[in-house]
$ cat work12.cif   # mmCIF, C-alpha atoms
data_start
#
loop_
_atom_site.label_atom_id
_atom_site.label_comp_id
_atom_site.auth_asym_id
_atom_site.auth_seq_id
_atom_site.Cartn_x
_atom_site.Cartn_y
_atom_site.Cartn_z
CA MET B 1 11.60 -4.49 19.37
CA VAL B 2 8.01 -3.96 18.29
CA PRO B 3 6.93 -4.29 14.63
CA ALA B 4 5.85 -0.82 13.46
CA GLY B 5 5.23 -1.33 9.75
CA TYR B 6 6.41 -0.68 6.21
CA MET B 7 7.05 2.33 4.00
CA ALA B 8 8.19 2.76 0.41
CA LYS B 9 10.82 5.52 0.37
CA ARG B 10 12.91 7.37 -2.16
CA VAL B 11 16.48 6.89 -0.98
CA VAL B 12 18.53 9.92 -2.03
CA ALA B 13 22.18 10.91 -2.16
CA ARG B 14 23.46 12.99 0.73
CA PRO B 15 22.52 16.63 0.15
CA ASP B 16 25.39 19.11 -0.06
CA TRP B 17 24.16 20.98 3.03
CA LEU B 18 24.72 17.91 5.24
CA PRO B 19 28.33 18.07 6.54
CA ALA B 20 28.89 14.31 6.76
CA GLU B 21 31.38 13.39 4.06
CA ARG B 22 31.28 9.64 4.84
CA VAL B 23 27.49 9.52 4.32
CA SER B 24 26.53 8.65 0.76
CA SER B 25 22.76 8.03 0.94
CA ILE B 26 19.91 9.06 3.23
CA TYR B 27 17.78 6.25 4.67
CA SER B 28 15.49 8.37 6.80
CA VAL B 29 12.17 7.33 8.28
CA SER B 30 11.08 10.96 8.10
CA GLY B 31 10.05 12.42 4.76
CA CYS B 32 12.22 15.54 5.04
CA VAL B 33 15.01 14.27 2.77
CA SER B 34 14.14 10.70 1.84
CA GLU B 35 10.55 11.15 0.64
CA ASN B 36 7.72 8.68 1.13
CA PHE B 37 6.21 7.13 -2.00
CA ALA B 38 3.23 9.51 -1.72
CA ASP B 39 1.36 11.87 0.57
CA TYR B 40 -0.36 8.77 1.92
CA ILE B 41 -2.24 10.03 4.98
CA ASN B 42 -5.38 10.96 3.03
CA PHE B 43 -5.74 7.37 1.79
CA TRP B 44 -6.41 6.25 5.40
CA LYS B 45 -4.78 2.85 5.02
CA HIS B 46 -1.88 3.41 7.44
CA ASN B 47 -1.65 1.86 10.87
CA GLY B 48 -1.28 3.40 14.33
CA TYR B 49 2.44 3.98 13.81
CA TRP B 50 1.60 5.96 10.62
CA LEU B 51 3.19 3.20 8.52
CA PHE B 52 1.61 0.26 6.67
CA ASP B 53 0.88 -3.22 8.02
CA SER B 54 2.25 -4.98 4.93
CA PRO B 55 3.88 -4.30 1.56
CA ASP B 56 0.59 -5.40 -0.06
CA VAL B 57 -1.22 -2.39 1.40
CA ILE B 58 1.37 -0.03 -0.10
CA ILE B 59 1.05 -1.76 -3.49
CA GLU B 60 -2.75 -1.50 -3.28
CA VAL B 61 -2.61 2.24 -2.48
CA ALA B 62 -0.16 2.82 -5.31
CA ARG B 63 -2.21 0.82 -7.81
CA GLU B 64 -5.51 2.51 -6.86
CA ASN B 65 -3.95 5.97 -7.16
CA ASN B 66 -1.62 5.53 -10.17
CA ILE B 67 1.52 5.97 -8.06
CA ASP B 68 4.76 4.65 -9.54
CA LEU B 69 6.81 2.68 -6.99
CA ALA B 70 9.71 2.04 -9.41
CA GLU B 71 12.07 4.57 -7.81
CA THR B 72 11.29 3.53 -4.24
CA THR B 73 12.80 1.12 -1.73
CA LEU B 74 10.61 -0.86 0.64
CA PHE B 75 11.57 -0.54 4.32
CA TYR B 76 10.33 -2.45 7.36
CA TYR B 77 10.51 -0.62 10.70
CA GLU B 78 10.61 -1.72 14.30
CA VAL B 79 10.52 0.52 17.38
CA HIS B 80 11.65 0.16 20.94
CA ASP B 81 8.73 -0.34 23.31
CA LEU B 82 9.96 2.49 25.58
CA GLN B 83 11.13 6.03 25.00
CA LEU B 84 13.07 8.22 27.41
CA ASN B 85 11.49 11.62 27.96
CA SER B 86 12.97 14.03 30.52
CA GLY B 87 14.54 11.13 32.41
CA ALA B 88 11.33 9.09 32.59
CA SER B 89 10.52 5.98 30.56
CA LYS B 90 7.26 6.01 28.65
CA SER B 91 5.67 3.19 26.64
CA ILE B 92 5.42 3.68 22.90
CA VAL B 93 2.05 2.52 21.63
CA PRO B 94 0.36 2.93 18.26
CA GLU B 95 -2.46 5.43 17.84
CA PRO B 96 -5.43 3.39 19.11
CA SER B 97 -7.94 4.79 16.60
CA PHE B 98 -6.08 2.94 13.79
CA GLY B 99 -5.79 -0.82 13.59
CA THR B 100 -2.22 -2.09 13.78
CA ASN B 101 -1.49 -5.65 12.69
CA VAL B 102 1.98 -5.66 11.14
CA SER B 103 3.09 -8.68 9.09
CA VAL B 104 6.67 -9.38 10.15
CA PRO B 105 8.95 -10.25 7.21
CA GLN B 106 10.60 -13.67 7.13
CA ALA B 107 14.02 -12.05 6.75
CA LYS B 108 15.32 -8.63 7.79
CA VAL B 109 18.41 -6.67 6.69
CA LEU B 110 19.68 -3.70 8.67
CA GLU B 111 20.17 -0.70 6.37
CA GLY B 112 21.54 2.78 6.80
#
$ encode --input "work12.cif" --output "C-alpha coordinates"
Amino acid sequence: MVPAGYMAKRVVARPDWLPAERVSSIYSVSGCVSENFADYINFWKHNGYWLFDSPDVIIEVARENNIDLAETTLFYYEVHDLQLNSGASKSIVPEPSFGTNVSVPQAKVLEG
(Lines of atoms letter the chains of each structure in order from A and count residues from 1; the text may use other names and numbers.)
(Lines give C-alpha, C1' and ligand atoms only; values in the text may rest on other atoms or scores of the structure.)
Protein backbone atom coordinates (compact mmCIF):
# COMPACT_ATOMS: atom_id res chain seq x y z
CA MET A 1 0.00 0.00 0.00
CA VAL A 2 1.15 3.50 -0.85
CA PRO A 3 0.53 6.46 1.50
CA ALA A 4 -1.89 8.83 -0.28
CA GLY A 5 -2.66 11.43 2.38
CA TYR A 6 -5.20 12.83 4.80
CA MET A 7 -8.64 14.40 4.63
CA ALA A 8 -11.02 15.82 7.22
CA LYS A 9 -14.50 14.51 6.40
CA ARG A 10 -18.02 14.91 7.69
CA VAL A 11 -19.17 11.37 8.43
CA VAL A 12 -22.94 11.18 7.93
CA ALA A 13 -25.73 8.73 8.65
CA ARG A 14 -26.80 6.49 5.79
CA PRO A 15 -29.18 8.43 3.54
CA ASP A 16 -32.66 6.98 3.10
CA TRP A 17 -32.12 6.48 -0.65
CA LEU A 18 -29.29 3.98 0.00
CA PRO A 19 -30.88 0.49 0.25
CA ALA A 20 -28.34 -0.97 2.70
CA GLU A 21 -30.13 -1.44 6.01
CA ARG A 22 -27.01 -2.73 7.82
CA VAL A 23 -25.04 0.44 6.94
CA SER A 24 -25.30 3.11 9.61
CA SER A 25 -22.70 5.71 8.56
CA ILE A 26 -20.97 6.73 5.35
CA TYR A 27 -17.15 6.80 5.41
CA SER A 28 -16.60 7.75 1.79
CA VAL A 29 -13.41 9.13 0.28
CA SER A 30 -15.54 10.93 -2.29
CA GLY A 31 -17.38 14.08 -1.29
CA CYS A 32 -20.75 13.01 -2.71
CA VAL A 33 -22.27 11.97 0.63
CA SER A 34 -19.54 12.34 3.24
CA GLU A 35 -18.38 15.90 2.53
CA ASN A 36 -14.81 17.16 2.79
CA PHE A 37 -14.09 19.83 5.40
CA ALA A 38 -14.08 22.49 2.65
CA ASP A 39 -13.87 23.09 -1.08
CA TYR A 40 -10.11 22.82 -0.63
CA ILE A 41 -8.76 22.70 -4.19
CA ASN A 42 -8.50 26.49 -4.53
CA PHE A 43 -6.17 26.65 -1.52
CA TRP A 44 -3.53 24.70 -3.52
CA LYS A 45 -2.09 22.89 -0.52
CA HIS A 46 -3.13 19.36 -1.53
CA ASN A 47 -0.75 16.72 -2.82
CA GLY A 48 -0.70 14.71 -6.05
CA TYR A 49 -3.39 12.35 -4.77
CA TRP A 50 -5.65 15.39 -4.13
CA LEU A 51 -5.34 14.80 -0.37
CA PHE A 52 -3.06 16.41 2.22
CA ASP A 53 0.43 15.32 3.26
CA SER A 54 -0.28 15.73 6.98
CA PRO A 55 -3.02 16.71 9.43
CA ASP A 56 -1.05 19.91 10.10
CA VAL A 57 -1.67 21.12 6.55
CA ILE A 58 -5.43 20.63 6.98
CA ILE A 59 -5.34 22.52 10.29
CA GLU A 60 -3.35 25.33 8.66
CA VAL A 61 -5.84 25.64 5.78
CA ALA A 62 -8.76 25.63 8.20
CA ARG A 63 -7.16 28.23 10.49
CA GLU A 64 -6.20 30.56 7.61
CA ASN A 65 -9.72 30.38 6.15
CA ASN A 66 -11.88 30.34 9.31
CA ILE A 67 -13.09 26.79 8.67
CA ASP A 68 -14.50 24.90 11.66
CA LEU A 69 -13.17 21.33 11.87
CA ALA A 70 -15.26 20.45 14.96
CA GLU A 71 -17.78 18.29 13.06
CA THR A 72 -15.15 16.47 11.00
CA THR A 73 -13.22 13.23 11.34
CA LEU A 74 -9.61 12.98 10.21
CA PHE A 75 -8.90 10.09 7.81
CA TYR A 76 -5.60 8.74 6.51
CA TYR A 77 -5.70 7.02 3.11
CA GLU A 78 -3.52 4.49 1.37
CA VAL A 79 -3.88 3.23 -2.20
CA HIS A 80 -2.80 0.12 -4.03
CA ASP A 81 0.12 0.78 -6.35
CA LEU A 82 -1.72 -0.85 -9.29
CA GLN A 83 -5.20 -0.53 -10.74
CA LEU A 84 -6.91 -2.94 -13.12
CA ASN A 85 -8.30 -1.27 -16.21
CA SER A 86 -9.86 -3.36 -19.00
CA GLY A 87 -7.84 -6.39 -17.90
CA ALA A 88 -4.51 -4.55 -17.84
CA SER A 89 -2.60 -3.45 -14.74
CA LYS A 90 -1.59 0.18 -14.59
CA SER A 91 0.55 1.93 -11.96
CA ILE A 92 -1.17 4.50 -9.79
CA VAL A 93 1.03 7.55 -9.35
CA PRO A 94 0.31 10.98 -7.88
CA GLU A 95 -0.13 13.97 -10.17
CA PRO A 96 3.50 14.96 -10.78
CA SER A 97 2.86 18.72 -10.81
CA PHE A 98 2.07 18.57 -7.06
CA GLY A 99 4.58 17.57 -4.42
CA THR A 100 3.62 14.45 -2.50
CA ASN A 101 5.38 13.70 0.77
CA VAL A 102 2.86 12.01 3.06
CA SER A 103 3.63 11.69 6.77
CA VAL A 104 2.60 8.16 7.74
CA PRO A 105 0.81 8.01 11.11
CA GLN A 106 2.37 5.98 13.92
CA ALA A 107 -0.86 4.01 14.34
CA LYS A 108 -3.66 3.21 11.89
CA VAL A 109 -7.23 2.00 12.47
CA LEU A 110 -9.32 0.55 9.66
CA GLU A 111 -12.70 2.30 9.50
CA GLY A 112 -15.83 1.83 7.46
$ atom_distance --input "work12.cif" --atom1 "atom CA of Asp68 of chain B" --atom2 "atom CA of Asp39 of chain B"
12.9 Å
$ residues_around --input "work12.cif" --residues "Pro94 of chain B" --least-positions-apart "3" --cutoff "9 Å" --atoms "only C-alpha atoms" --output "CSV table (one decimal) with C-alpha atoms, in the frame of the given file"
chain,number,residue,atom,x,y,z
B,4,ALA,CA,5.8,-0.8,13.5
B,47,ASN,CA,-1.6,1.9,10.9
B,48,GLY,CA,-1.3,3.4,14.3
B,49,TYR,CA,2.4,4.0,13.8
B,50,TRP,CA,1.6,6.0,10.6
B,97,SER,CA,-7.9,4.8,16.6
B,98,PHE,CA,-6.1,2.9,13.8
B,99,GLY,CA,-5.8,-0.8,13.6
B,100,THR,CA,-2.2,-2.1,13.8
$ atom_distance --input "work12.cif" --atom1 "atom CA of Gln106 of chain B" --atom2 "atom CA of Phe52 of chain B"
16.6 Å
$ atom_distance --input "work12.cif" --atom1 "atom CA of Ser54 of chain B" --atom2 "atom CA of Ser91 of chain B"
23.4 Å
$ closest_residue --input "work12.cif" --among "B:Ala38, B:Lys90, B:Met1, B:Tyr77" --to "Leu110 of chain B" --atoms "all atoms listed in the file"
B:Tyr77
